[in-house]
Structures are given as C-alpha cells and as structure tokens.
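*Asks:* One structure follows; several queries about it will come next.
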4 protein chains.
Amino acid sequence: MGEDTKKFRRRAEARPDEVLDAALAVFVEKGFAAAKVDEVARAAGVSKGLVYLYFPSKEALLEGIVKRALAPVADHAVEGLAHFDGDPREAITMLLTILCRQLSDPAKLAVPKLVLSEVVRFPELAAMYRREVLDKVRPALEGMVARGVANGQLRPIDPEMAVRSIIGPLMAHIAMSELFDIRPDDGLAMERLLKSHLDILFYGMSEARP
Amino acid sequence: MGEDTKKFRRRAEARPDEVLDAALAVFVEKGFAAAKVDEVARAAGVSKGLVYLYFPSKEALLEGIVKRALAPVADHAVEGLAHFDGDPREAITMLLTILCRQLSDPAKLAVPKLVLSEVVRFPELAAMYRREVLDKVRPALEGMVARGVANGQLRPIDPEMAVRSIIGPLMAHIAMSELFDIRPDDGLAMERLLKSHLDILFYGMSEARP
Amino acid sequence: MGEDTKKFRRRAEARPDEVLDAALAVFVEKGFAAAKVDEVARAAGVSKGLVYLYFPSKEALLEGIVKRALAPVADHAVEGLAHFDGDPREAITMLLTILCRQLSDPAKLAVPKLVLSEVVRFPELAAMYRREVLDKVRPALEGMVARGVANGQLRPIDPEMAVRSIIGPLMAHIAMSELFDIRPDDGLAMERLLKSHLDILFYGMSEARP
Amino acid sequence: MGEDTKKFRRRAEARPDEVLDAALAVFVEKGFAAAKVDEVARAAGVSKGLVYLYFPSKEALLEGIVKRALAPVADHAVEGLAHFDGDPREAITMLLTILCRQLSDPAKLAVPKLVLSEVVRFPELAAMYRREVLDKVRPALEGMVARGVANGQLRPIDPEMAVRSIIGPLMAHIAMSELFDIRPDDGLAMERLLKSHLDILFYGMSEARP
DNA sequence: CATGAATGAGATTTCATTCAT
DNA sequence: GATGAATGAAATCTCATTCAT
C-alpha cells in the first residue's frame with residue numbers, strides 16, 4: 001500500500017523535477033529568452049501557475065536546471081583523477097571514454113549546451129559551472145599531466161596548455177555536430193572520434209619526430 | 001583635404017556600418033534577445049528611427065553583422081590551403097598561427113562569439129556560417145591531411161576526425177578564457193597555447209610510441 | 001471543566017470569528033487589495049481552503065468584518081442620547097468620553113480605519129456604516145442640540161452643523177495620530193484632547209464674546 | 001506663429017501632466033489598486049505604452065500625483081500665518097475660509113482623498129504629505145494660538161490640542177459629505193459650515209460660561 | 001471538516017516597430 | 001534624411017478560487 005496510492009496522491013514531490021525537465025527541454029530548443037513560461041508549463045503538463053508555485057521566476061528555472069545538474073557531477077568524476085598514480089595515458093583514456101559516453105546522451109548534453117548559450121546573459125551560470133566542475137576537473141588533470149612529465153611517461157609538455165589539447169577535440173566534435181550540424185556519414189561517431197583523438201593526442205600526427 | 005568634409009562624407013556612407021558595429025558590441029555584451037534597439041541606436045550615436053531606415057528589423061541587424069563578417073573570410077584563407085602541396089605540418093602551423101592572431105583581436109572574436117550564443121535561436125546563422133566558412137575550410141583541411149597521409153608525411157590517421165584535433169584545442173582555449181574566465185597567469189597566452197598545441201598535435205604527449 | 005474540551009468546543013464555534021479577526025488585522029496592515037487570502041489564513045492558523053468554507057469570497061471577509069463590528073454598536077449607544085433630556089453638555093461629554101475610550105483601543109479603531117480606506121472601492125461599506133451608525137447617532141445628536149438651543153442651555157447654533165464641531169476635533173486627533181504619525185510628546189493624549197476639545201466646544205477660544 | 005503650430009507639434013511637454021490628471025481621476029474613482037493602467041491611459045487619451053514612457057511604474061503615477069500637488073501648496077499658504085501678528089481669530093478665519101474654498105473644488109479635494117485611502121499601502125505618501133504640508137502648517141497655527149493666549153486675545157487653551165479643534169470640524173464635514181454621502185439639504189453647504197464652525201470655535205456652544 | 005496543490009483570468013510591464021513632423 | 005513620441009502585441013507574474021483527497 002504505497003505504490004498504488006501514489007497514483008492518486010498529488011505528485012507534489014516529483015513536480016519540481018518534472019518542471020525542470022520540461023524547462024530544460026524548452027530552453028534548449030528555443031533558447032531561454034525565446035522560451036515562454038507557458039510553453040514550459042505545457043511541456044510539463046501543468047499550468048503556468050504551478051510553475052510559479054515552485055520557482056519564483058523564469059530565471060529561477062534556469063538556475064534550478066544548472067544546480068540540479070551540477071550537484072552530482074563534480075566530486076564523483078574527479079575522485080578517480082586526483083588520487084590516480086598509474087599511467088596518465090590510461091587515466092586520460094578512461095576520462096575521455098566516460099565523457100564521450102555521457103555526452104552521447106542528449107539529456108546529459110542539454111545542460112552544457114544551455115549554459116553555453118546563456119552564458120552571456122547570465123554570467124553567474126558560468127561562474128557556477130566553473131566553480132562546481134571546471135575548477136575541480138582542470139587542476140586534477142593538470143596535476144596528472146605534470147606527474148606524468150616528471151615520471152618520464154610523458155614528454156616535457158606544458159601541463160596547463162595540455163589540458164586544452166585533451167579536452168578540445170572533443171569540444172570541437174560536439175560543437176560541429178550540435179551547433180553546425182556537421183556530422184560524419186556514420187552518425188555521431190563518438191567512438192571514431194575518441195579513437196582518432198587519443199591516437200593523435202598520444203602519438204601525434206607526424207610520421208617522424210623532428 | 002579638410003577634415004570636415006572627410007568626416008561628413010565618410011559618415012553618410014559609413015552609417016550602416018557604424019550601426020552594425022554598435023549592434024555587434026551591444027549584442028555581444030547583453031545577448032541578442034536582451035539587447036534593445038534603443039541601446040544599439042544610442043551606441044551608434046543615431047536615433048532609433050535611423051536604425052530602421054537602414055535595417056528592416058532587429059533580426060536584420062544580426063544577419064547584417066554575420067554577413068558582413070563572413071564576406072571576406074572564407075576564400076581568402078582557403079585559397080592557400082586547397083592548392084597547397086608542401087608539408088601539411090607547415091600549412092597547419094601557418095593556418096593556426098593566422099587564426100590565433102585573428103582571434104586575439106576582440107573585435108574579430110566578437111562575431112563567432114555572437115553566432116555561438118545565438119545559434120540556438122537562429123539556426124539560419126549557423127547554416128550561413130557553415131556554408132561560408134566551415135564547408136570551405138574543413139574539406140580543404142581534410143584533403144590536406146589525406147594527402148599528407150598518402151605522402152607518408154603524416155601517420156595513417158583519420159582525416160575527417162583529425163580536423164577536430166587540429167581546431168579543437170584552440171576552441172577550448174578560447175572557450176575557457178572567454179566563457180569561463182579561466183586564463184593562465186600570463187594573460188591570454190595565445191603563443192604559449194599555439195606552441196604547446198602544435199607540439200602535441202604533431203608529436204603527441206607520449207614519450208614513446210607504443 | 002477541562003481546558004481541553006473547552007478549547008475544542010470554543011474553537012469549532014469560534015472559527016469564523018477567528019478568521020475575521022485575522023482578516024481584520026491583515027487588511028488593516030496591508031490594505032484590502034494588497035492583502036492575500038493566504039496571509040489571512042496563516043494569521044488565523046488555518047488553511048486557505050477553510051477560509052472559503054466559511055466565507056464565499058475575499059470580499060465577504062470584508063463585509064463580515066464590518067457587519068460583525070456594526071451589530072452591537074448602534075442601538076446601544078444611541079438609546080441614551082435619544083431619550084436624554086438633561087443638560088446636552090453632559091450628554092455630549094459622556095458621549096465623547098465613551099468614544100475616546102473606545103477609540104483608544106486599537107482593536108476597536110481597526111474597523112473604522114478599514115472602512116475609511118476601503119470606502120472608495122466598496123461604497124456599500126460606507127452605506128452600511130452610514131445606515132447602521134451614522135444615521136442613528138447623527139439625528140440623535142442633532143435633536144439633542146436642538147432641544148438644548150430651545151431650552152436656552154445652548155446658544156442659538158445650527159444643530160446640523162454643530163454635529164461637525166462635536167465630532168470633528170476627535171476625528172482630526174485620530175487622523176493625525178494614525179495616518180500621519182503626528183502625536184503629542186505625551187503619547188496618544190486622549191484625555192488631554194478631550195479636555196481641550198470640550199473646553200473649546202462649550203466655551204470657545206475667545207477671551208470675550210463679541 | 002506659436003499657438004497654431006502647437007496643435008501639430010507633439011504635446012510632449014504637456015503629456016506627463018495630462019497623464020497625471022487622468023491617473024488622479026481614475027485612482028480617486030476606483031482606488032489605486034483597482035485602477036488599471038489601461039484605464040488611466042484611456043482616460044488620458046493615450047496608449048498604455050505612453051504612460052510607461054513617462055512613468056516607470058503604476059506606483060510612480062501615484063507618487064507623481066502627490067508630488068505635483070504638494071509642490072505649490074506648502075510655503076504659499078504658510079507665509080501669511082507665520083508672520084502674522086494681528087488678531088489670531090482673524091487669521092484663523094482667513095485660513096479656514098481659504099481652505100473651504102479650496103476644498104470646494106473637487107479637483108483640489110481629489111489629492112487629499114487619494115492620499116487618505118492609499119496611506120495604508122504607501123506610508124511614504126503620508127510622510128511626504130506630512131513633511132510638505134502638515135509640518136509647516138501645524139507649527140504655524142500652534143504658534144499663532146500660543147501668541148493669542150499670551151496676548152490675552154484667546155482664553156488659556158492648549159495650543160497643540162486647539163489645532164484639532166480648528167481643523168477637525170472641517171474634516172468631519174468633508175468626510176461626512178464625501179465618504180458617507182451625508183449632506184445637508186442645501187448641498188455642500190461650505191459657507192454654512194464655516195459660519196457655524198467659527199461661531200462655535202470662538203464663542204462655544206454654551207449659553208453661559210461656567 | 002480540512003487541506004493545499006492546482007488553475008487560469010487578468011494585471012503590470014517591455015520593447016520592436018511605425019510615422020507625423 | 002532624421003527624429004523620437006507613440007503604439008500595442010506579447011510576455012511575466014500574481015492570486016482568488018476550486019476541488020480531489
């Protein structure tokens with residue numbers, strides 16, 4: 001006598017999440033400014049008024065979306081990196097593999113996309129994202145690269161800049177696909193990108209060392 | 001050559017351009033949706049009515065900005081690439097060097113930034129950008145990589161994916177700096193990025209080939 | 001006589017009254033239009049739904065407040081006046097003394113205050129007030145003054161206008177204190193006002209008759 | 001060549017005043033909260049948007065009304081009182097005569113009426129009114145009464161309380177007429193009120209001194 | 001009786017666009 | 001050409017009222 005009655009009970013607890021789901025979908029499709037609260041409500045299957053019952057403003061929806069998405073991300077993924085002391089190449093391979101898998105899921109991709117396009121109007125979003133995600137992942141990566149260089153496992157490269165080389169190709173792939181609709185013939189091709197990226201990242205494009 | 005006449009002449013002719021400059025500045029600062037035509041007019045030092053004399057709508061300003069910026073870009077840069085048959089590494093070095101220099105200029109960076117954040121609301125912008133820039137540069141790059149592989153100058157890599165590795169780290173660098181305010185201690189550090197990027201791109205991070 | 005039962009009993013019976021008390025407090029503090037039914041409910045310690053169980057609408061609360069306050073007022077006070085045939089000055093003194101004592105109690109003052117500020121939006125309130133209070137007190141007072149003039153106890157004054165002189169200074173005192181926060185140094189100073197008012201009302205400000 | 005062209009010229013300068021006139025009329029009729037900005041605009045013969053061109057919010061209209069009304073009032077009327085050193089009875093007679101004349105004009109009466117009914121929601125209005133009008137008039141009156149008492153022209157009365165006796169009957173008359181629709185048979189009867197009030201104020205209601 | 005989640009009509013406010021001058 | 005007063009459609013947000021539980 002729990003599951004059954006739930007159907008009849010008001011779904012008060014689930015509602016804010018449902019509204020955020022709907023808002024995310026609508027915001028990503030139309031952009032925050034062009035999205036109407038009415039549309040969000042309709043997409044969530046509720047009335048406009050209900051949206052305002054849980055969120056004090058349209059902006060609060062945006063904030064809510066990002067906060068909710070950020071909560072679990074950060075520590076979870078970083079734990080591994082920070083205390084990893086094996087071959088950095090393995091760690092990077094694993095990190096990028098996980099990242100690729102995550103970003104293949106449109107639902108997971110939606111939040112970063114939204115942050116990207118609203119960053120100009122709402123710099124706090126960027127700050128939040130930076131604080132919760134980037135400022136944790138980036139130093140961990142840099143440290144790992146630095147250790148690899150010290151170990152002699154990696155060539156003497158600039159750890160701070162190397163992070164751009166690790167993450168950039170993935171970004172470019174996503175951007176080309178999602179923003180400019182430039183996709184390989186075989187679809188999203190995440191595995192192909194990953195294989196090529198890791199190959200070039202570790203061993204370079206050149207046939208011979210200079 | 002009286003200053004007066006020159007000013008007057010140039011003004012009359014250059015007005016639409018000045019309006020576009022103002023619009024670009026305002027749009028980049030506040031985002032297209034949040035920018036008011038009034039602000040654009042004020043920034044251009046003209047009246048609101050005059051803006052509508054030159055451009056039929058607010059959207060037309062956005063279009064105008066992108067069109068104007070795109071016109072010279074494409075062919076200019078690509079000419080070299082398409083018919084280049086020397087060492088692809090030299091070509092890539094040159095391309096990225098030019099690109100870095102361009103993007104160090106905030107004025108030049110503004111348009112891609114604007115396109116990026118308005119792409120969701122105005123897919124035509126993305127299409128234009130793709131048609132005029134990406135669809136010209138990308139195949140040229142791919143072809144060059146393919147030739148390098150065929151030549152034996154490059155390792156047997158996937159040309160289509162390699163493009164992501166060439167362009168991605170630069171994108172990541174710009175994104176971190178411009179969107180998330182993550183900058184190396186020594187400022188924009190474009191040269192440092194370029195040096196690191198080319199080094200890793202060509203020779204990889206690994207100490208030893210597998 | 002257990003406290004518990006008493007409480008429960010009284011509660012069930014007294015609920016509408018408690019709601020009206022809460023409504024009065026909230027309406028006086030924020031004004032009828034700005035007051036939210038939710039606040040009234042919270043102030044009464046009940047749910048919003050319950051308020052609507054007792055009163056069909058927000059307006060009905062206002063009406064209820066005024067009706068409840070008016071019921072006992074009128075006849076009670078007037079009885080004496082109408083059939084009084086002693087010195088009118090004594091009657092006026094007594095009336096004003098009682099009135100002053102009543103209006104010193106913020107709870108008693110609340111209703112007239114509310115009526116006063118909502119009279120524009122709800123002329124029926126004014127009509128009710130007039131019917132139940134003013135139209136009973138005023139003629140009684142006028143009659144008494146007329147009798148006093150006829151008796152020779154009062155100078156030949158205009159009874160209809162004299163009513164304004166009797167009641168006005170009290171109104172002015174309340175208005176200055178409650179609306180404009182203009183208070184003598186010694187607080188509400190009702191006794192001082194009453195003393196001064198009666199002195200001037202009966203004997204005038206002038207040293208000598210003309 | 002001034003008056004003629006004015007018709008065709010936009011009435012930009014007169015507009016804010018016209019809007020305030022309309023707002024005052026609508027606010028007094030319906031009350032601030034119940035009045036819709038649309039109605040104000042219609043009453044002013046302009047569009048809703050124009051109202052917001054001159055006033056940033058509905059509340060600003062209210063403020064604007066009171067500020068405009070207050071500007072000329074204060075000093076104008078007080079000058080006379082403060083430096084008057086003749087018979088205080090003459091001064092009071094003059095003051096009340098002027099006041100009565102002013103308040104007979106519905107347009108002049110409108111602002112105090114509005115302030116009265118919105119005082120609860122907007123205490124700043126009361127503060128403004130107090131600062132600009134009451135705090136100037138009241139001390140002047142008190143001083144004059146005190147001088148009269150010192151002179152022997154007035155009986156030994158309490159100057160602070162006497163102010164209530166001077167102003168109150170007028171207030172009561174207006175309140176009865178405007179709020180409760182209680183009017184003598186001969187209409188507004190301002191002169192009758194004034195005559196009766198001054199008679200009682202100076203010489204009292206009593207036939208004989210005690 | 002009692003609750004409070006849910007609704008939706010309606011209000012305020014914004015701003016792209018027009019057009020008389 | 002140039003202005004900026006004026007418009008009104010459309011968006012956000014509020015809150016009295018309802019009703020399933």
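Residues in the structure tokens are numbered from 1 in each chain, the chains being A, B, ... in the order shown, and ligands are numbered from 1 in the order shown.
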Output as CSV one row per residue of chain F within 12 Å of chain D: the closest atom pair and its distance in Å to one decimal place, counting only C-alpha atoms (C1' of nucleotides), sorted by chain and residue number ascending.

*Replies:*
```
residue,atom,partner,partner_atom,distance
F:DG4,C1',D:Ala12,CA,10.2
F:DA5,C1',D:Arg10,CA,7.2
F:DA6,C1',D:Leu50,CA,6.5
F:DT7,C1',D:Ser47,CA,6.5
F:DG8,C1',D:Gly49,CA,7.6
F:DA9,C1',D:Gly49,CA,11.0
```

*Asks:* Show me, as a compact mmCIF listing (two decimals) with C-alpha atoms, in the first residue's frame, the residues that have an atom within 9 Å of segment 114-118 of chain B when counting only C-alpha atoms (C1' of nucleotides), minus same-chain residues fewer than 6 positions from it.

*Replies:*
```txt
# COMPACT_ATOMS: atom_id res chain seq x y z
CA GLY A 31 16.76 29.45 -26.05
CA LEU A 116 26.88 27.79 -23.36
CA SER A 117 24.16 29.82 -25.00
CA GLU A 118 23.04 31.69 -21.89
CA VAL A 119 26.46 32.44 -20.51
CA VAL A 120 26.43 35.97 -21.90
CA LEU A 179 25.74 23.59 -33.43
CA LEU B 24 27.68 43.88 -32.59
CA PHE B 27 24.63 42.11 -28.84
CA VAL B 28 27.86 40.56 -27.61
CA GLY B 31 22.95 38.89 -25.89
CA PHE B 32 20.67 39.46 -28.83
CA ALA B 33 17.38 39.00 -27.02
CA LEU B 62 22.12 40.24 -36.57
CA VAL B 66 27.29 38.00 -39.68
CA LEU B 125 23.02 31.88 -38.75
CA ALA B 126 24.66 28.53 -38.18
CA TYR B 129 28.41 30.26 -41.05
```

*Asks:* Need to verify the contact set: His173 of chain A, 8 Å, only C-alpha atoms (C1' of nucleotides), exclusion of same-chain residues closer than 2 positions in sequence. Can you return it as a PyMOL selection string?

*Replies:* (chain A and resi 169-171+175-177+193) or (chain B and resi 164+168)

*Asks:* Using Å and a single decimal, report how far atom CA of Ile65 of chain A sits from atom C1' of DA6 of chain E.

*Replies:*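 Interatomic distance here is 22.5 Å.
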
*Asks:* Based on DSSP run over this structure's backbone, return all residues of segment 14-193 of chain A in alpha helix (DSSP H), as a ChimeraX atom specification.

*Replies:* /A:15-30,37-44,48-54,58-82,88-104,106-118,123-129,135-151,159-178,190-193
